[in-house]
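Source file: query.txt. Holds: compact mmCIF, C-alpha atoms and all ligand atoms.
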# COMPACT_ATOMS: atom_id res chain seq x y z
CA MET A 1 99.09 136.33 86.81
CA LYS A 2 102.22 134.34 85.91
CA LYS A 3 101.52 131.64 83.34
CA TRP A 4 103.11 128.83 85.38
CA LEU A 5 100.97 129.77 88.40
CA LEU A 6 97.82 129.56 86.32
CA ILE A 7 98.82 126.12 85.03
CA LEU A 8 99.48 124.98 88.60
CA ILE A 9 96.13 126.25 89.84
CA LEU A 10 94.41 124.40 87.01
CA LEU A 11 96.36 121.16 87.49
CA VAL A 12 96.08 120.70 91.27
CA PRO A 13 92.31 120.14 91.38
CA LEU A 14 92.57 117.94 88.29
CA SER A 15 95.06 115.58 89.91
CA GLY A 16 92.79 115.47 92.96
CA VAL A 17 89.88 114.37 90.80
CA ALA A 18 92.02 111.73 89.10
CA LYS A 19 92.96 110.25 92.49
CA VAL A 20 89.38 110.06 93.70
CA ALA A 21 88.39 108.33 90.49
CA LYS A 22 91.14 105.75 91.03
CA VAL A 23 90.12 105.11 94.64
CA ASN A 24 86.53 104.55 93.55
CA GLU A 25 87.67 102.28 90.77
CA ILE A 26 89.51 99.93 93.12
CA GLU A 27 86.64 99.93 95.60
CA ALA A 28 84.19 99.17 92.81
CA LEU A 29 86.44 96.39 91.52
CA LEU A 30 86.53 94.61 94.89
CA ALA A 31 82.73 94.92 95.17
CA LYS A 32 82.33 93.58 91.62
CA ALA A 33 84.58 90.57 92.30
CA HIS A 34 82.63 89.88 95.48
CA SER A 35 79.27 89.98 93.74
CA MET A 36 80.53 87.85 90.84
CA TYR A 37 81.73 84.98 93.04
CA LYS A 38 79.59 85.13 96.17
CA ASN A 39 77.28 82.48 94.72
CA GLU A 40 80.15 80.16 93.84
CA LYS A 41 79.60 77.07 96.00
CA ALA A 42 82.26 74.72 94.65
CA GLY A 43 84.73 73.08 97.02
CA ALA A 44 84.52 72.35 100.73
CA ASN A 45 86.04 73.49 104.02
CA ALA A 46 89.14 71.59 105.11
CA ASP A 47 88.09 68.95 107.62
CA TYR A 48 91.27 67.02 108.39
CA ILE A 49 91.69 69.65 111.12
CA PRO A 50 88.22 69.24 112.72
CA ALA A 51 87.90 72.87 113.87
CA LEU A 52 88.24 74.12 110.27
CA ALA A 53 85.15 72.20 109.21
CA LYS A 54 83.08 74.33 111.60
CA VAL A 55 83.99 77.70 110.05
CA ASP A 56 81.09 79.38 108.18
CA SER A 57 81.65 78.40 104.53
CA GLU A 58 79.87 81.49 103.21
CA LEU A 59 82.36 84.00 104.63
CA PHE A 60 83.95 86.02 101.84
CA GLY A 61 86.22 89.04 102.29
CA ILE A 62 88.65 90.93 100.07
CA ALA A 63 91.37 93.43 101.03
CA LEU A 64 93.95 95.27 98.94
CA VAL A 65 96.82 97.54 100.06
CA THR A 66 98.58 99.77 97.54
CA ASN A 67 102.24 100.72 97.83
CA ASP A 68 101.27 104.22 98.94
CA GLY A 69 99.74 102.62 102.05
CA LYS A 70 96.07 102.91 101.08
CA MET A 71 93.71 100.13 102.02
CA TYR A 72 90.60 98.92 100.19
CA THR A 73 88.26 96.30 101.65
CA TYR A 74 84.99 94.59 100.83
CA GLY A 75 82.82 91.88 102.38
CA ASP A 76 83.59 89.91 105.56
CA VAL A 77 86.71 91.81 106.45
CA ASP A 78 86.38 91.54 110.25
CA SER A 79 86.08 87.74 110.50
CA ARG A 80 89.09 86.13 112.12
CA PHE A 81 90.35 82.84 110.70
CA SER A 82 93.53 80.78 110.96
CA ILE A 83 96.39 81.85 108.73
CA GLN A 84 97.46 78.21 108.19
CA SER A 85 99.99 77.75 105.39
CA ILE A 86 100.18 81.44 104.56
CA SER A 87 102.30 81.58 107.73
CA LYS A 88 104.97 79.61 105.87
CA VAL A 89 105.80 82.71 103.83
CA PHE A 90 106.50 84.83 106.90
CA THR A 91 108.60 82.15 108.58
CA LEU A 92 110.54 81.76 105.34
CA ALA A 93 110.99 85.54 105.26
CA LEU A 94 112.50 85.41 108.76
CA ALA A 95 114.76 82.49 107.85
CA LEU A 96 116.00 84.36 104.76
CA GLU A 97 116.79 87.43 106.85
CA ALA A 98 118.25 85.59 109.85
CA LYS A 99 120.08 82.70 108.20
CA GLY A 100 120.60 83.88 104.63
CA ALA A 101 119.38 82.62 101.28
CA ASP A 102 122.23 80.10 100.84
CA GLN A 103 121.34 78.25 104.02
CA VAL A 104 117.68 78.16 103.10
CA ALA A 105 118.55 76.74 99.68
CA SER A 106 121.06 74.17 100.93
CA LYS A 107 119.44 73.07 104.20
CA ILE A 108 115.77 73.15 103.17
CA GLY A 109 115.58 73.38 99.37
CA VAL A 110 113.70 75.75 97.10
CA ASN A 111 112.55 73.68 94.15
CA ALA A 112 108.88 73.13 93.47
CA THR A 113 107.81 69.70 94.69
CA GLY A 114 104.80 69.54 92.37
CA LEU A 115 103.14 67.43 95.05
CA PRO A 116 100.42 68.00 97.66
CA PHE A 117 101.32 70.18 100.67
CA ASN A 118 101.46 67.26 103.10
CA SER A 119 103.34 64.88 100.80
CA VAL A 120 105.69 62.31 102.29
CA ALA A 121 106.68 61.25 98.79
CA ALA A 122 108.22 64.70 98.24
CA ILE A 123 110.93 63.68 100.73
CA GLU A 124 111.30 60.09 99.56
CA LEU A 125 111.49 60.86 95.86
CA ASN A 126 114.23 63.44 96.26
CA LYS A 127 117.65 61.93 96.96
CA ALA A 128 119.00 65.14 98.51
CA ARG A 129 115.83 65.20 100.70
CA SER A 130 115.32 68.75 99.51
CA VAL A 131 111.84 70.02 100.04
CA ASN A 132 110.36 73.49 99.76
CA PRO A 133 109.69 76.00 102.59
CA LEU A 134 106.07 76.41 101.43
CA VAL A 135 105.04 72.76 101.85
CA ASN A 136 104.62 71.18 105.28
CA ALA A 137 107.94 69.29 105.32
CA GLY A 138 110.01 72.33 104.36
CA ALA A 139 107.98 74.69 106.51
CA MET A 140 108.58 72.63 109.63
CA ALA A 141 112.27 72.29 108.73
CA THR A 142 112.40 76.08 108.29
CA VAL A 143 111.05 76.54 111.82
CA SER A 144 113.72 74.11 113.05
CA LEU A 145 116.44 76.15 111.32
CA LEU A 146 115.66 79.31 113.30
CA GLU A 147 117.76 80.14 116.36
CA GLY A 148 116.63 80.01 119.97
CA ASP A 149 115.04 77.64 122.46
CA LYS A 150 111.34 76.91 122.10
CA GLU A 151 109.91 79.96 123.87
CA ASN A 152 112.51 82.28 122.43
CA LYS A 153 111.87 81.09 118.94
CA TRP A 154 108.14 81.56 119.36
CA GLN A 155 108.61 85.08 120.78
CA ASN A 156 110.80 86.03 117.82
CA LEU A 157 108.39 84.55 115.33
CA SER A 158 105.29 86.18 116.75
CA HIS A 159 107.09 89.52 117.03
CA TRP A 160 108.09 89.17 113.36
CA TYR A 161 104.51 88.39 112.29
CA ASN A 162 103.21 91.37 114.28
CA GLU A 163 105.67 93.69 112.53
CA PHE A 164 104.17 92.68 109.20
CA ALA A 165 100.59 92.90 110.49
CA ASN A 166 101.21 96.21 112.31
CA THR A 167 99.13 94.81 115.16
CA GLU A 168 99.27 92.02 117.76
CA LEU A 169 97.92 88.84 116.26
CA PRO A 170 96.30 86.24 118.55
CA VAL A 171 96.62 82.45 118.40
CA LEU A 172 93.19 80.86 117.88
CA LYS A 173 93.08 78.36 120.76
CA SER A 174 90.38 76.11 119.31
CA ILE A 175 92.28 75.71 116.03
CA TYR A 176 95.61 75.17 117.81
CA GLN A 177 94.08 72.49 120.04
CA SER A 178 92.27 70.78 117.20
CA GLU A 179 95.37 70.68 115.02
CA SER A 180 97.63 69.59 117.90
CA GLU A 181 95.32 66.64 118.60
CA THR A 182 95.34 65.48 114.98
CA ASN A 183 98.94 66.18 114.05
CA GLY A 184 100.22 62.64 113.45
CA HIS A 185 100.89 63.16 109.76
CA ASN A 186 103.05 66.24 110.30
CA LEU A 187 104.87 64.47 113.13
CA ALA A 188 105.68 61.60 110.76
CA ILE A 189 107.00 64.03 108.13
CA ALA A 190 109.20 65.81 110.66
CA GLU A 191 110.56 62.52 112.02
CA LEU A 192 111.32 61.34 108.49
CA LEU A 193 113.26 64.54 107.74
CA LYS A 194 115.11 64.18 111.04
CA SER A 195 116.13 60.64 110.09
CA TYR A 196 117.79 62.11 106.99
CA ASP A 197 119.49 64.91 108.99
CA ARG A 198 117.29 67.46 107.27
CA PHE A 199 115.57 68.71 110.44
CA TYR A 200 117.55 70.99 112.71
CA GLY A 201 116.24 70.69 116.25
CA ASP A 202 113.83 68.87 118.51
CA VAL A 203 110.98 67.43 116.46
CA LYS A 204 108.16 67.91 118.98
CA ASP A 205 109.17 71.45 119.98
CA ASN A 206 109.46 72.64 116.40
CA LEU A 207 106.27 70.89 115.34
CA ASP A 208 104.48 72.66 118.18
CA ILE A 209 105.79 76.06 117.08
CA TYR A 210 104.76 75.29 113.51
CA THR A 211 101.26 74.34 114.71
CA ARG A 212 101.02 77.57 116.69
CA GLN A 213 102.11 79.69 113.73
CA CYS A 214 99.43 78.00 111.57
CA SER A 215 96.81 78.79 114.25
CA ILE A 216 97.51 82.52 114.28
CA GLY A 217 94.23 84.38 113.80
CA VAL A 218 94.04 87.01 111.08
CA THR A 219 91.42 89.03 109.28
CA VAL A 220 91.67 89.36 105.53
CA THR A 221 92.71 92.97 106.11
CA ASP A 222 95.56 91.83 108.37
CA LEU A 223 96.70 89.48 105.61
CA ALA A 224 96.78 92.18 102.94
CA VAL A 225 98.74 94.44 105.32
CA MET A 226 101.11 91.57 106.14
CA ALA A 227 101.82 90.92 102.45
CA SER A 228 102.28 94.60 101.61
CA PRO A 229 106.06 94.80 102.25
CA PHE A 230 106.54 92.04 99.65
CA ALA A 231 105.10 94.39 97.01
CA ASN A 232 107.29 97.24 98.19
CA ARG A 233 110.86 95.82 98.16
CA GLY A 234 110.74 94.92 101.84
CA VAL A 235 109.63 98.32 103.16
CA HIS A 236 106.29 98.29 104.97
CA PRO A 237 104.09 100.83 103.14
CA ILE A 238 102.13 101.61 106.31
CA THR A 239 104.82 101.72 109.02
CA ASN A 240 107.69 102.60 106.67
CA LYS A 241 109.87 100.04 108.44
CA LYS A 242 112.40 98.18 106.33
CA LEU A 243 111.68 94.54 107.19
CA MET A 244 113.57 92.67 104.47
CA SER A 245 116.34 93.21 101.96
CA GLU A 246 115.31 93.60 98.33
CA GLU A 247 117.24 90.45 97.42
CA ASN A 248 115.38 88.37 99.96
CA VAL A 249 112.03 89.72 98.77
CA GLU A 250 112.96 88.62 95.23
CA ARG A 251 113.78 85.13 96.46
CA LEU A 252 110.64 84.92 98.55
CA LEU A 253 108.49 85.90 95.57
CA ALA A 254 110.26 83.29 93.44
CA VAL A 255 109.41 80.55 95.93
CA MET A 256 105.81 81.79 96.15
CA THR A 257 105.59 81.59 92.36
CA THR A 258 106.85 78.02 92.13
CA ALA A 259 105.13 76.55 95.19
CA GLY A 260 102.60 78.97 96.70
CA LEU A 261 99.55 77.03 95.53
CA TYR A 262 101.19 73.60 95.85
CA GLU A 263 100.67 71.26 92.92
CA THR A 264 98.58 73.81 91.04
CA SER A 265 101.20 76.58 91.27
CA GLY A 266 102.03 76.18 87.58
CA ASP A 267 98.39 76.56 86.55
CA TRP A 268 98.13 79.67 88.73
CA ALA A 269 101.30 81.26 87.30
CA PHE A 270 100.09 80.49 83.79
CA LYS A 271 96.65 81.94 84.39
CA VAL A 272 97.09 84.77 86.89
CA GLY A 273 100.81 85.50 86.92
CA LEU A 274 101.21 86.72 90.50
CA PRO A 275 103.29 85.26 93.35
CA ALA A 276 100.75 83.95 95.85
CA LYS A 277 100.26 81.73 98.87
CA SER A 278 97.22 79.85 100.11
CA GLY A 279 96.22 78.33 103.43
CA VAL A 280 93.67 75.63 104.28
CA GLY A 281 91.88 78.18 106.50
CA GLY A 282 90.60 79.68 103.22
CA GLY A 283 92.93 82.64 102.79
CA ILE A 284 95.13 83.49 99.82
CA ILE A 285 97.61 86.37 99.52
CA ALA A 286 99.01 87.58 96.21
CA VAL A 287 101.65 90.19 95.46
CA ALA A 288 101.86 92.60 92.53
CA PRO A 289 105.47 93.83 92.86
CA GLU A 290 105.84 97.63 92.91
CA ARG A 291 102.06 98.03 93.08
CA PHE A 292 99.90 96.26 95.66
CA SER A 293 99.18 93.25 97.83
CA ILE A 294 95.81 91.53 97.93
CA ALA A 295 94.24 89.00 100.29
CA VAL A 296 90.99 87.11 99.92
CA PHE A 297 89.30 84.83 102.42
CA SER A 298 86.59 82.25 101.78
CA PRO A 299 86.75 78.77 103.35
CA ARG A 300 85.72 76.37 100.58
CA LEU A 301 88.81 74.73 99.04
CA ASP A 302 89.56 72.88 95.83
CA GLN A 303 91.31 69.49 95.69
CA ALA A 304 94.75 71.03 96.19
CA GLY A 305 93.65 72.96 99.29
CA ASN A 306 93.28 76.41 97.72
CA SER A 307 90.20 78.59 98.31
CA VAL A 308 87.97 78.47 95.24
CA ARG A 309 86.45 81.93 95.61
CA ALA A 310 89.77 83.50 96.60
CA GLN A 311 91.44 82.21 93.44
CA LYS A 312 88.62 83.51 91.27
CA ALA A 313 88.45 86.91 92.95
CA ILE A 314 92.22 87.46 92.77
CA ASP A 315 92.29 86.31 89.15
CA TYR A 316 89.53 88.78 88.26
CA ILE A 317 91.03 91.74 90.14
CA ALA A 318 94.59 91.07 88.94
CA GLU A 319 93.40 90.93 85.35
CA ALA A 320 91.37 94.13 85.69
CA MET A 321 94.39 95.89 87.21
CA ASP A 322 96.69 94.49 84.52
CA ALA A 323 98.96 93.06 87.20
CA ASN A 324 100.35 89.87 85.63
CA ILE A 325 104.12 90.03 86.22
CA PHE A 326 104.92 88.05 83.11
N1 LIG A 401 98.52 73.63 109.43
C1 LIG A 401 98.22 72.99 108.18
C2 LIG A 401 98.95 71.68 108.09
O1 LIG A 401 100.04 71.57 108.59
C3 LIG A 401 98.60 73.90 107.07
C4 LIG A 401 98.32 73.31 105.72
C5 LIG A 401 97.89 74.31 104.70
O2 LIG A 401 97.39 75.38 104.98
N2 LIG A 401 98.00 73.92 103.46
O3 LIG A 401 98.46 70.75 107.51
Could you express the structure from this file as structure tokens?
Amino acid sequence: MKKWLLILILLVPLSGVAKVAKVNEIEALLAKAHSMYKNEKAGANADYIPALAKVDSELFGIALVTNDGKMYTYGDVDSRFSIQSISKVFTLALALEAKGADQVASKIGVNATGLPFNSVAAIELNKARSVNPLVNAGAMATVSLLEGDKENKWQNLSHWYNEFANTELPVLKSIYQSESETNGHNLAIAELLKSYDRFYGDVKDNLDIYTRQCSIGVTVTDLAVMASPFANRGVHPITNKKLMSEENVERLLAVMTTAGLYETSGDWAFKVGLPAKSGVGGGIIAVAPERFSIAVFSPRLDQAGNSVRAQKAIDYIAEAMDANIF
């Protein structure tokens, strides 16, 4: 037998074994993170949106998608919850693609505010009225920047979200209603921006679209799939569709790094070192460029509005996978 053929025959099964070991390792890692933090009871559900207070606080799910399109899950991965502020990332992604990075920077702003997600002071303290697309003020302004009348804009947005999720995502009616009925603070923020010519359409229409996008129902698996193109230079690792330019992915990840966890984004970058985004529904996504996306869901939040268990689980898994980008 030819020598090279013998080497090949010996190597093929070996590489197969190596792959299986890796798959098991990731699965075991998610299970380990889950068991380490499932008894963590710190924090509390968000309750300023009444429907969020009713979500089972014990839910805890973890999902990870690698750039070769493989999916790993553990825990409550079928529970549907509202995406909340994680939606801001996908709307920003659309604005970057549709309007360009310069418009996003000049019309919305991209600096960290260092302030809570619903801060009015963030607008008042900044003379240029620049905010950030990942806090409420900037996120609503980003919706207003998109083209189209109300229904058109919503159709485009939900189509865009579905492309990332590779499925049709529903709007959770009870969350949408609850948030719509208690939306005075966001209305005030949007009106304030409008008064400074930093809001680019009808306030009520755009606030309503923003509220709908926050009420989109996802599973933790959906979220990991949705974040996966951000780890893969804008190409969806499951559908192979090119959804974003590489440049826009870089900018998106930069904004996630400076503002994804609001006023504790610096602590997170220092400790974990991955671009991430949280939502008051209890989800967090994080992106390890060139490698994987991860999503964790558990409803209890810390003071800044970030899921306590999700932060711990992502920190643990990222460290074990040596994923810190810095
Ligand atoms: N829909 C929520 C709001 O506007 C989103 C906030 C969040 O998840 N941090 O307040």
Next on the checklist: Give me the residues near Val235 of chain A as an NGL selection string, where near means some atom within 10 Å (using all atoms listed in the file) and where sequence neighbours in that chain fewer than 5 positions away do not count.
Outcome noted: :A and (67 or 164 or 228-230 or 240-246 or 249)
Checklist entry - Would you name the residues within 7 Å of ligand LIG 401 (chain A), counting only C-alpha atoms and all ligand atoms, and put them as a VMD selection string? => result chain A and resid 84 to 86 117 to 118 136 186 211 214 278 to 281 305
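The closest residue to Asn156 of chain A, picked from A:Leu187, A:Ile26, A:Ala139, A:Leu94 and counting only C-alpha atoms, is A:Leu94.
You will find atom CA of Ser158 of chain A at 13.6 Å from atom CA of Asp208 of chain A.
When atom CA of Ala93 of chain A is paired with atom CA of Ser265 of chain A, their separation reads 19.3 Å.
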